[in-house]
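Listing of my_file_31.pdb; format and content: PDB, C-alpha atoms.
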```pdb
ATOM      1  CA  MET A 184       4.282  83.911  25.092  1.00  0.00           C
ATOM      2  CA  PHE A 185       1.111  85.785  24.259  1.00  0.00           C
ATOM      3  CA  LEU A 186       2.572  86.684  20.913  1.00  0.00           C
ATOM      4  CA  GLU A 187       3.306  83.040  20.268  1.00  0.00           C
ATOM      5  CA  VAL A 188      -0.318  82.336  20.992  1.00  0.00           C
ATOM      6  CA  LEU A 189      -1.501  84.953  18.459  1.00  0.00           C
ATOM      7  CA  PRO A 190      -0.928  82.679  15.450  1.00  0.00           C
ATOM      8  CA  PHE A 191      -2.768  79.886  17.270  1.00  0.00           C
ATOM      9  CA  LEU A 192      -5.720  82.154  17.939  1.00  0.00           C
ATOM     10  CA  CYS A 193      -5.692  83.413  14.382  1.00  0.00           C
ATOM     11  CA  PHE A 194      -5.905  79.894  13.062  1.00  0.00           C
ATOM     12  CA  PHE A 195      -8.737  78.911  15.337  1.00  0.00           C
ATOM     13  CA  VAL A 196     -10.702  82.100  14.894  1.00  0.00           C
ATOM     14  CA  PHE A 197     -10.851  81.477  11.156  1.00  0.00           C
ATOM     15  CA  PHE A 198     -10.623  77.697  10.737  1.00  0.00           C
ATOM     16  CA  VAL A 199     -11.315  75.656  13.835  1.00  0.00           C
ATOM     17  CA  PHE A 200     -13.990  76.615  16.329  1.00  0.00           C
ATOM     18  CA  GLY A 201     -17.651  76.296  15.499  1.00  0.00           C
ATOM     19  CA  HIS A 202     -21.063  77.043  16.881  1.00  0.00           C
ATOM     20  CA  MET A 203     -22.554  73.627  16.213  1.00  0.00           C
ATOM     21  CA  TYR A 204     -20.183  71.820  18.536  1.00  0.00           C
ATOM     22  CA  GLU A 205     -18.154  72.344  21.620  1.00  0.00           C
ATOM     23  CA  VAL A 206     -14.445  73.083  21.866  1.00  0.00           C
ATOM     24  CA  THR A 207     -12.496  71.895  24.896  1.00  0.00           C
ATOM     25  CA  ILE A 208      -8.884  72.946  25.439  1.00  0.00           C
ATOM     26  CA  ASP A 209      -7.359  69.805  26.926  1.00  0.00           C
ATOM     27  CA  SER A 210      -3.910  71.319  27.500  1.00  0.00           C
ATOM     28  CA  PHE A 211      -2.125  74.622  26.892  1.00  0.00           C
ATOM     29  CA  GLU A 212       1.503  74.084  27.781  1.00  0.00           C
ATOM     30  CA  PRO A 213       4.790  75.824  27.002  1.00  0.00           C
ATOM     31  CA  ASP A 214       7.185  73.658  25.019  1.00  0.00           C
ATOM     32  CA  PRO A 215       9.385  72.048  27.696  1.00  0.00           C
ATOM     33  CA  GLU A 216      12.397  72.031  25.341  1.00  0.00           C
ATOM     34  CA  ILE A 217      12.495  75.835  25.201  1.00  0.00           C
ATOM     35  CA  GLY A 218      14.244  77.585  28.083  1.00  0.00           C
ATOM     36  CA  ASP A 219      13.900  81.143  29.347  1.00  0.00           C
ATOM     37  CA  THR A 220      16.632  82.731  27.203  1.00  0.00           C
ATOM     38  CA  TYR A 221      14.130  84.647  25.057  1.00  0.00           C
ATOM     39  CA  ILE A 222      11.027  84.851  27.252  1.00  0.00           C
ATOM     40  CA  SER A 223      10.029  84.247  30.864  1.00  0.00           C
ATOM     41  CA  ILE A 224       6.473  83.068  31.199  1.00  0.00           C
ATOM     42  CA  SER A 225       5.001  83.962  34.562  1.00  0.00           C
ATOM     43  CA  THR A 226       1.276  83.486  34.932  1.00  0.00           C
ATOM     44  CA  VAL A 227      -0.297  83.270  31.472  1.00  0.00           C
ATOM     45  CA  ARG A 228      -3.327  80.991  31.545  1.00  0.00           C
ATOM     46  CA  VAL A 229      -6.314  80.098  29.370  1.00  0.00           C
ATOM     47  CA  THR A 230      -9.684  79.973  31.104  1.00  0.00           C
ATOM     48  CA  ARG A 231     -12.927  78.718  29.693  1.00  0.00           C
ATOM     49  CA  LYS A 232     -15.568  81.417  30.182  1.00  0.00           C
ATOM     50  CA  ASN A 233     -18.560  79.766  28.483  1.00  0.00           C
ATOM     51  CA  ARG A 234     -19.229  77.213  25.801  1.00  0.00           C
ATOM     52  CA  ASN A 235     -16.713  78.098  23.050  1.00  0.00           C
ATOM     53  CA  SER A 236     -15.555  81.272  24.821  1.00  0.00           C
ATOM     54  CA  PHE A 237     -12.036  81.491  26.243  1.00  0.00           C
ATOM     55  CA  SER A 238      -9.955  84.121  28.047  1.00  0.00           C
ATOM     56  CA  ILE A 239      -6.174  84.487  28.110  1.00  0.00           C
ATOM     57  CA  GLN A 240      -4.601  86.459  30.941  1.00  0.00           C
ATOM     58  CA  GLY A 241      -1.321  86.740  32.807  1.00  0.00           C
ATOM     59  CA  ASN A 242       2.237  88.101  32.686  1.00  0.00           C
ATOM     60  CA  PHE A 243       5.341  87.426  30.617  1.00  0.00           C
ATOM     61  CA  GLU A 244       8.703  89.093  29.975  1.00  0.00           C
ATOM     62  CA  THR A 245      10.502  89.179  26.640  1.00  0.00           C
ATOM     63  CA  HIS A 246      14.315  89.388  26.782  1.00  0.00           C
ATOM     64  CA  TYR A 247      14.844  90.431  23.145  1.00  0.00           C
ATOM     65  CA  ASN A 248      13.072  92.690  20.677  1.00  0.00           C
ATOM     66  CA  TRP A 249      10.703  90.813  18.357  1.00  0.00           C
ATOM     67  CA  GLY A 250      10.611  91.906  14.715  1.00  0.00           C
ATOM     68  CA  ASN A 251      10.167  90.627  11.179  1.00  0.00           C
ATOM     69  CA  GLU A 252      13.390  88.652  11.488  1.00  0.00           C
ATOM     70  CA  ASN A 253      11.334  86.382  13.776  1.00  0.00           C
ATOM     71  CA  LEU A 254       9.104  83.824  12.120  1.00  0.00           C
ATOM     72  CA  GLY A 255       5.852  82.560  13.639  1.00  0.00           C
ATOM     73  CA  ILE A 256       4.988  78.981  12.722  1.00  0.00           C
ATOM     74  CA  VAL A 257       1.702  77.235  13.512  1.00  0.00           C
ATOM     75  CA  GLU A 258       0.960  73.614  12.627  1.00  0.00           C
ATOM     76  CA  VAL A 259      -2.283  71.756  13.268  1.00  0.00           C
ATOM     77  CA  ARG A 260      -2.662  67.991  13.222  1.00  0.00           C
ATOM     78  CA  GLY A 261      -5.796  65.916  13.719  1.00  0.00           C
ATOM     79  CA  LYS A 262      -6.136  62.451  15.218  1.00  0.00           C
ATOM     80  CA  ASN A 263      -4.791  63.656  18.586  1.00  0.00           C
ATOM     81  CA  GLY A 264      -1.636  64.970  16.928  1.00  0.00           C
ATOM     82  CA  LYS A 265      -0.862  61.702  15.149  1.00  0.00           C
ATOM     83  CA  GLY A 266      -2.582  62.586  11.877  1.00  0.00           C
ATOM     84  CA  SER A 267      -1.155  64.420   8.921  1.00  0.00           C
ATOM     85  CA  THR A 268      -0.622  68.183   9.084  1.00  0.00           C
ATOM     86  CA  LEU A 269      -3.938  69.874   8.299  1.00  0.00           C
ATOM     87  CA  VAL A 270      -2.673  73.443   8.409  1.00  0.00           C
ATOM     88  CA  SER A 271       0.822  74.890   8.359  1.00  0.00           C
ATOM     89  CA  VAL A 272       1.193  78.676   8.485  1.00  0.00           C
ATOM     90  CA  MET A 273       4.358  80.807   8.604  1.00  0.00           C
ATOM     91  CA  ASN A 274       4.358  84.587   8.998  1.00  0.00           C
ATOM     92  CA  GLN A 275       6.866  87.201  10.016  1.00  0.00           C
ATOM     93  CA  PHE A 276       6.175  88.651  13.464  1.00  0.00           C
ATOM     94  CA  CYS A 277       5.590  92.314  12.515  1.00  0.00           C
ATOM     95  CA  ASP A 278       3.387  91.320   9.589  1.00  0.00           C
ATOM     96  CA  ILE A 279       1.037  89.571  12.039  1.00  0.00           C
ATOM     97  CA  TYR A 280       1.331  92.218  14.755  1.00  0.00           C
ATOM     98  CA  ASN A 281       0.542  95.113  12.390  1.00  0.00           C
ATOM     99  CA  SER A 282      -2.192  93.318  10.449  1.00  0.00           C
ATOM    100  CA  ASP A 283      -5.874  94.227  10.290  1.00  0.00           C
ATOM    101  CA  LEU A 284      -6.899  90.968  11.949  1.00  0.00           C
ATOM    102  CA  ALA A 285      -9.557  91.770  14.557  1.00  0.00           C
ATOM    103  CA  PHE A 286      -8.166  89.339  17.118  1.00  0.00           C
ATOM    104  CA  VAL A 287      -4.743  91.058  16.982  1.00  0.00           C
ATOM    105  CA  LYS A 288      -6.311  94.457  17.639  1.00  0.00           C
ATOM    106  CA  THR A 289      -8.436  93.033  20.464  1.00  0.00           C
ATOM    107  CA  ALA A 290      -5.413  91.309  22.025  1.00  0.00           C
ATOM    108  CA  ILE A 291      -3.429  94.558  21.998  1.00  0.00           C
ATOM    109  CA  GLU A 292      -6.365  96.442  23.546  1.00  0.00           C
ATOM    110  CA  ALA A 293      -6.651  93.797  26.289  1.00  0.00           C
ATOM    111  CA  SER A 294      -3.000  94.152  27.318  1.00  0.00           C
ATOM    112  CA  ASN A 295      -0.145  96.566  27.840  1.00  0.00           C
ATOM    113  CA  LEU A 296       1.465  95.474  24.554  1.00  0.00           C
ATOM    114  CA  PRO A 297       2.707  98.394  22.445  1.00  0.00           C
ATOM    115  CA  PRO A 298       0.324  99.813  19.829  1.00  0.00           C
ATOM    116  CA  GLN A 299       0.296  98.519  16.290  1.00  0.00           C
ATOM    117  CA  GLY A 300       3.018 100.147  14.223  1.00  0.00           C
ATOM    118  CA  THR A 301       5.516  99.554  17.034  1.00  0.00           C
ATOM    119  CA  CYS A 302       7.695  96.921  15.494  1.00  0.00           C
ATOM    120  CA  PRO A 303      10.011  95.505  16.382  1.00  0.00           C
ATOM    121  CA  MET A 304       8.221  95.042  19.671  1.00  0.00           C
ATOM    122  CA  PRO A 305      10.650  96.082  22.403  1.00  0.00           C
ATOM    123  CA  LYS A 306      11.763  93.657  25.048  1.00  0.00           C
ATOM    124  CA  GLY A 307       9.920  94.175  28.320  1.00  0.00           C
ATOM    125  CA  ASN A 308       7.303  93.049  30.816  1.00  0.00           C
ATOM    126  CA  TYR A 309       3.814  92.570  29.425  1.00  0.00           C
ATOM    127  CA  THR A 310       0.428  91.737  30.926  1.00  0.00           C
ATOM    128  CA  ILE A 311      -2.652  90.351  29.237  1.00  0.00           C
ATOM    129  CA  TYR A 312      -5.663  91.550  31.207  1.00  0.00           C
ATOM    130  CA  GLY A 313      -8.251  89.239  29.731  1.00  0.00           C
ATOM    131  CA  PHE A 314      -8.134  88.748  25.979  1.00  0.00           C
ATOM    132  CA  GLU A 315     -11.323  86.918  25.035  1.00  0.00           C
ATOM    133  CA  LEU A 316     -12.057  84.725  22.076  1.00  0.00           C
ATOM    134  CA  GLN A 317     -15.852  84.461  21.940  1.00  0.00           C
ATOM    135  CA  GLU A 318     -18.222  82.225  20.088  1.00  0.00           C
ATOM    136  CA  LYS A 319     -19.462  85.089  17.870  1.00  0.00           C
ATOM    137  CA  ASP A 320     -15.900  85.308  16.484  1.00  0.00           C
ATOM    138  CA  LEU A 321     -15.898  81.672  15.441  1.00  0.00           C
ATOM    139  CA  PRO A 322     -16.914  80.019  12.149  1.00  0.00           C
ATOM    140  CA  MET A 323     -19.903  77.725  12.060  1.00  0.00           C
ATOM    141  CA  MET A 324     -18.338  74.338  11.278  1.00  0.00           C
ATOM    142  CA  ILE A 325     -15.277  72.139  11.761  1.00  0.00           C
ATOM    143  CA  PRO A 326     -14.908  68.357  11.832  1.00  0.00           C
ATOM    144  CA  LYS A 327     -15.117  66.726  15.220  1.00  0.00           C
ATOM    145  CA  ASP A 328     -11.706  65.409  16.250  1.00  0.00           C
ATOM    146  CA  GLN A 329      -8.888  65.764  18.735  1.00  0.00           C
ATOM    147  CA  TYR A 330      -6.368  68.314  17.465  1.00  0.00           C
ATOM    148  CA  GLU A 331      -2.830  69.217  18.414  1.00  0.00           C
ATOM    149  CA  VAL A 332      -1.530  72.702  17.662  1.00  0.00           C
ATOM    150  CA  SER A 333       2.148  73.539  17.741  1.00  0.00           C
ATOM    151  CA  ALA A 334       2.900  77.282  17.779  1.00  0.00           C
ATOM    152  CA  ARG A 335       6.471  78.617  17.696  1.00  0.00           C
ATOM    153  CA  LEU A 336       8.299  81.904  17.290  1.00  0.00           C
ATOM    154  CA  MET A 337      11.725  81.342  15.741  1.00  0.00           C
ATOM    155  CA  ASN A 338      14.814  83.554  15.832  1.00  0.00           C
ATOM    156  CA  PRO A 339      16.744  84.293  12.592  1.00  0.00           C
ATOM    157  CA  ASP A 340      18.955  81.227  13.197  1.00  0.00           C
ATOM    158  CA  GLY A 341      15.922  78.917  13.306  1.00  0.00           C
ATOM    159  CA  VAL A 342      16.036  78.456  17.082  1.00  0.00           C
ATOM    160  CA  ALA A 343      12.659  78.418  18.830  1.00  0.00           C
ATOM    161  CA  MET A 344      12.370  81.446  21.117  1.00  0.00           C
ATOM    162  CA  VAL A 345       8.993  80.525  22.538  1.00  0.00           C
ATOM    163  CA  GLY A 346       6.580  77.732  21.822  1.00  0.00           C
ATOM    164  CA  TYR A 347       3.319  76.251  22.945  1.00  0.00           C
ATOM    165  CA  ASN A 348       1.674  72.892  22.467  1.00  0.00           C
ATOM    166  CA  ILE A 349      -2.100  73.031  22.602  1.00  0.00           C
ATOM    167  CA  LYS A 350      -4.384  70.010  22.576  1.00  0.00           C
ATOM    168  CA  LEU A 351      -8.083  70.453  22.017  1.00  0.00           C
ATOM    169  CA  THR A 352     -11.158  68.446  21.310  1.00  0.00           C
ATOM    170  CA  VAL A 353     -14.016  69.450  19.036  1.00  0.00           C
ATOM    171  CA  SER A 354     -17.128  67.417  19.893  1.00  0.00           C
TER     172      SER A 354
END
```
Representation of the structure as C-alpha coordinates:
Amino acid sequence: MFLEVLPFLCFFVFFVFGHMYEVTIDSFEPDPEIGDTYISISTVRVTRKNRNSFSIQGNFETHYNWGNENLGIVEVRGKNGKGSTLVSVMNQFCDIYNSDLAFVKTAIEASNLPPQGTCPMPKGNYTIYGFELQEKDLPMMIPKDQYEVSARLMNPDGVAMVGYNIKLTVS
(Lines of atoms letter the chains of each structure in order from A and count residues from 1; the text may use other names and numbers.)
(Lines give C-alpha, C1' and ligand atoms only; values in the text may rest on other atoms or scores of the structure.)
Protein backbone atom coordinates (compact mmCIF):
# COMPACT_ATOMS: atom_id res chain seq x y z
CA MET A 1 0.00 0.00 0.00
CA PHE A 2 2.66 2.50 0.95
CA LEU A 3 4.37 1.88 -2.34
CA GLU A 4 1.13 2.57 -4.14
CA VAL A 5 0.98 5.85 -2.30
CA LEU A 6 4.51 6.82 -3.41
CA PRO A 7 3.39 7.91 -6.89
CA PHE A 8 0.59 9.93 -5.30
CA LEU A 9 3.03 11.67 -3.00
CA CYS A 10 5.43 12.28 -5.84
CA PHE A 11 2.74 13.99 -7.84
CA PHE A 12 1.63 16.19 -5.00
CA VAL A 13 5.10 17.06 -3.82
CA PHE A 14 5.89 18.49 -7.24
CA PHE A 15 2.55 19.62 -8.68
CA VAL A 16 -0.27 19.99 -6.20
CA PHE A 17 0.28 21.36 -2.72
CA GLY A 18 1.05 25.01 -2.14
CA HIS A 19 1.94 27.44 0.58
CA MET A 20 -0.62 30.07 -0.33
CA TYR A 21 -3.59 27.83 0.36
CA GLU A 22 -4.63 24.94 2.46
CA VAL A 23 -4.82 21.28 1.46
CA THR A 24 -7.38 19.02 3.09
CA ILE A 25 -7.37 15.27 2.47
CA ASP A 26 -11.08 14.47 2.40
CA SER A 27 -10.62 10.71 1.99
CA PHE A 28 -7.77 8.22 1.63
CA GLU A 29 -9.33 4.86 0.89
CA PRO A 30 -8.15 1.57 -0.60
CA ASP A 31 -9.92 0.69 -3.83
CA PRO A 32 -12.80 -1.56 -2.71
CA GLU A 33 -12.60 -3.58 -5.95
CA ILE A 34 -9.11 -4.85 -5.13
CA GLY A 35 -8.90 -7.82 -2.78
CA ASP A 36 -6.04 -9.02 -0.60
CA THR A 37 -4.40 -11.37 -3.13
CA TYR A 38 -1.37 -9.10 -3.59
CA ILE A 39 -1.32 -7.01 -0.41
CA SER A 40 -2.95 -6.97 3.02
CA ILE A 41 -3.40 -3.49 4.37
CA SER A 42 -3.47 -3.44 8.14
CA THR A 43 -3.26 -0.04 9.77
CA VAL A 44 -1.90 2.46 7.24
CA ARG A 45 -3.37 5.90 7.87
CA VAL A 46 -2.79 9.52 6.84
CA THR A 47 -2.82 12.08 9.63
CA ARG A 48 -2.78 15.82 9.29
CA LYS A 49 0.05 17.19 11.43
CA ASN A 50 -0.22 20.91 10.63
CA ARG A 51 -1.46 23.12 7.84
CA ASN A 52 -0.20 21.37 4.67
CA SER A 53 1.82 18.80 6.63
CA PHE A 54 0.79 15.14 6.61
CA SER A 55 2.11 11.89 8.10
CA ILE A 56 1.63 8.35 6.81
CA GLN A 57 2.09 5.47 9.23
CA GLY A 58 1.00 1.88 9.71
CA ASN A 59 1.54 -1.72 8.61
CA PHE A 60 1.02 -3.70 5.41
CA GLU A 61 2.06 -7.07 4.00
CA THR A 62 2.95 -7.75 0.37
CA HIS A 63 2.30 -11.29 -0.90
CA TYR A 64 4.43 -11.03 -4.06
CA ASN A 65 7.74 -9.44 -4.99
CA TRP A 66 7.35 -6.02 -6.63
CA GLY A 67 9.66 -5.23 -9.54
CA ASN A 68 9.84 -3.38 -12.85
CA GLU A 69 7.26 -5.74 -14.31
CA ASN A 70 4.81 -3.83 -12.09
CA LEU A 71 3.53 -0.52 -13.37
CA GLY A 72 2.52 2.37 -11.11
CA ILE A 73 -0.24 4.56 -12.53
CA VAL A 74 -1.42 7.85 -11.03
CA GLU A 75 -4.25 9.94 -12.47
CA VAL A 76 -5.50 13.27 -11.15
CA ARG A 77 -8.83 14.83 -12.02
CA GLY A 78 -10.25 18.17 -10.93
CA LYS A 79 -13.87 19.15 -10.37
CA ASN A 80 -14.25 16.57 -7.58
CA GLY A 81 -13.12 13.79 -9.91
CA LYS A 82 -15.62 14.66 -12.63
CA GLY A 83 -13.30 16.88 -14.65
CA SER A 84 -10.87 15.88 -17.34
CA THR A 85 -7.61 14.14 -16.42
CA LEU A 86 -5.10 16.82 -15.42
CA VAL A 87 -2.15 14.50 -14.88
CA SER A 88 -1.54 10.91 -15.88
CA VAL A 89 1.78 9.32 -14.92
CA MET A 90 3.02 5.75 -15.47
CA ASN A 91 6.33 4.43 -14.14
CA GLN A 92 7.82 1.03 -13.51
CA PHE A 93 8.06 0.18 -9.81
CA CYS A 94 11.86 -0.19 -9.48
CA ASP A 95 12.45 2.97 -11.50
CA ILE A 96 10.48 4.93 -8.88
CA TYR A 97 11.86 3.02 -5.90
CA ASN A 98 15.50 3.50 -6.94
CA SER A 99 15.13 7.11 -8.09
CA ASP A 100 16.78 10.18 -6.59
CA LEU A 101 13.44 11.66 -5.58
CA ALA A 102 13.79 13.03 -2.04
CA PHE A 103 10.38 11.81 -0.93
CA VAL A 104 11.28 8.22 -1.91
CA LYS A 105 14.47 8.35 0.15
CA THR A 106 12.61 9.89 3.10
CA ALA A 107 9.85 7.26 2.89
CA ILE A 108 12.41 4.44 2.95
CA GLU A 109 14.18 6.03 5.93
CA ALA A 110 10.86 6.33 7.79
CA SER A 111 10.05 2.63 7.41
CA ASN A 112 11.47 -0.87 7.41
CA LEU A 113 11.31 -1.01 3.60
CA PRO A 114 14.46 -2.45 2.01
CA PRO A 115 17.18 0.01 0.96
CA GLN A 116 17.27 1.49 -2.50
CA GLY A 117 18.92 -0.88 -4.95
CA THR A 118 16.86 -3.76 -3.56
CA CYS A 119 14.56 -4.43 -6.44
CA PRO A 120 12.47 -6.33 -6.90
CA MET A 121 11.25 -5.53 -3.42
CA PRO A 122 10.72 -8.85 -1.65
CA LYS A 123 7.34 -9.85 -0.36
CA GLY A 124 7.03 -9.31 3.38
CA ASN A 125 5.66 -7.33 6.30
CA TYR A 126 6.44 -3.62 6.27
CA THR A 127 5.86 -0.74 8.68
CA ILE A 128 5.84 2.97 7.99
CA TYR A 129 6.86 4.72 11.20
CA GLY A 130 5.81 8.23 10.27
CA PHE A 131 6.68 9.38 6.77
CA GLU A 132 6.01 13.11 6.67
CA LEU A 133 5.22 15.34 3.75
CA GLN A 134 5.82 18.89 5.01
CA GLU A 135 4.93 22.28 3.69
CA LYS A 136 8.59 23.13 2.93
CA ASP A 137 8.54 20.25 0.41
CA LEU A 138 5.60 21.72 -1.46
CA PRO A 139 5.47 24.13 -4.43
CA MET A 140 4.04 27.59 -3.97
CA MET A 141 0.91 27.49 -6.13
CA ILE A 142 -1.91 25.29 -7.44
CA PRO A 143 -5.45 26.15 -8.50
CA LYS A 144 -8.10 25.87 -5.84
CA ASP A 145 -10.38 22.92 -6.56
CA GLN A 146 -11.53 19.54 -5.34
CA TYR A 147 -9.28 16.82 -6.76
CA GLU A 148 -9.53 13.07 -7.03
CA VAL A 149 -6.36 11.00 -7.29
CA SER A 150 -6.39 7.40 -8.40
CA ALA A 151 -3.15 5.51 -7.69
CA ARG A 152 -2.65 1.89 -8.77
CA LEU A 153 0.11 -0.69 -8.98
CA MET A 154 -0.56 -3.15 -11.80
CA ASN A 155 0.78 -6.66 -12.32
CA PRO A 156 2.20 -7.69 -15.74
CA ASP A 157 -1.27 -8.88 -16.84
CA GLY A 158 -2.78 -5.44 -16.19
CA VAL A 159 -4.57 -6.50 -13.00
CA ALA A 160 -4.52 -3.95 -10.17
CA MET A 161 -2.52 -5.33 -7.25
CA VAL A 162 -3.16 -2.41 -4.94
CA GLY A 163 -4.94 0.87 -5.38
CA TYR A 164 -6.01 3.95 -3.53
CA ASN A 165 -8.56 6.65 -4.20
CA ILE A 166 -7.70 9.96 -2.60
CA LYS A 167 -9.96 13.00 -2.54
CA LEU A 168 -8.59 16.35 -1.52
CA THR A 169 -9.53 19.97 -1.49
CA VAL A 170 -7.21 22.89 -2.16
CA SER A 171 -8.72 26.09 -0.75
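Among A:Asp214, A:Ile208, A:Tyr330, A:Val345, the residue with the shortest atom-to-atom distance to Val259 (chain A), counting all atoms listed in the file, is A:Tyr330.
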* **Explicit residues for the PyMOL selection byres ((chain A and resi 267-282) around 6) (as a ChimeraX atom specification)** => /A:250-251,253-260,266,283-284,299-300,302
* **Polymer residues at most 12 Å from (19.8, 79.9, 26.8) by all atoms listed in the file, as a ChimeraX atom specification** => /A:216-223,246,342-345
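For the pair CA of Asn242 (chain A) and CA of Pro303 (chain A), the separation is 19.5 Å.
Rounded to one decimal, CA of Trp249 (chain A) and CA of Val229 (chain A) lie 22.9 Å from each other.
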* To do: Run the PyMOL selection byres ((chain A and resi 339) around 6) mentally over the shown coordinates, then write out the matched residues as a PyMOL selection string, using the chain letters and numbers from the document.
  => chain A and resi 252-253+338+340-341
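The space separating CA of Ser238 (chain A) from CA of Lys327 (chain A) comes to 22.2 Å.
Here the question is which of A:Glu212, A:Val332, A:Ser225, A:Ile311 gets nearest to Phe243 (chain A) using all atoms listed in the file, and that residue is A:Ser225.
Using the PyMOL selection byres ((chain A and resi 305-308) around 6) on this structure selects Phe243, Glu244, Thr245, His246, Tyr247, Asn248, Met304 and Tyr309 of chain A.
Comparing A:Tyr347, A:Pro213, A:Glu205, A:Val287 by their smallest distance to Phe237 (chain A), the closest is A:Glu205 (using only C-alpha atoms).
Nearest to Pro326 (chain A) of all the residues A:Arg231, A:Tyr204, A:Lys288, A:Gly346 is A:Tyr204, counting all atoms listed in the file.
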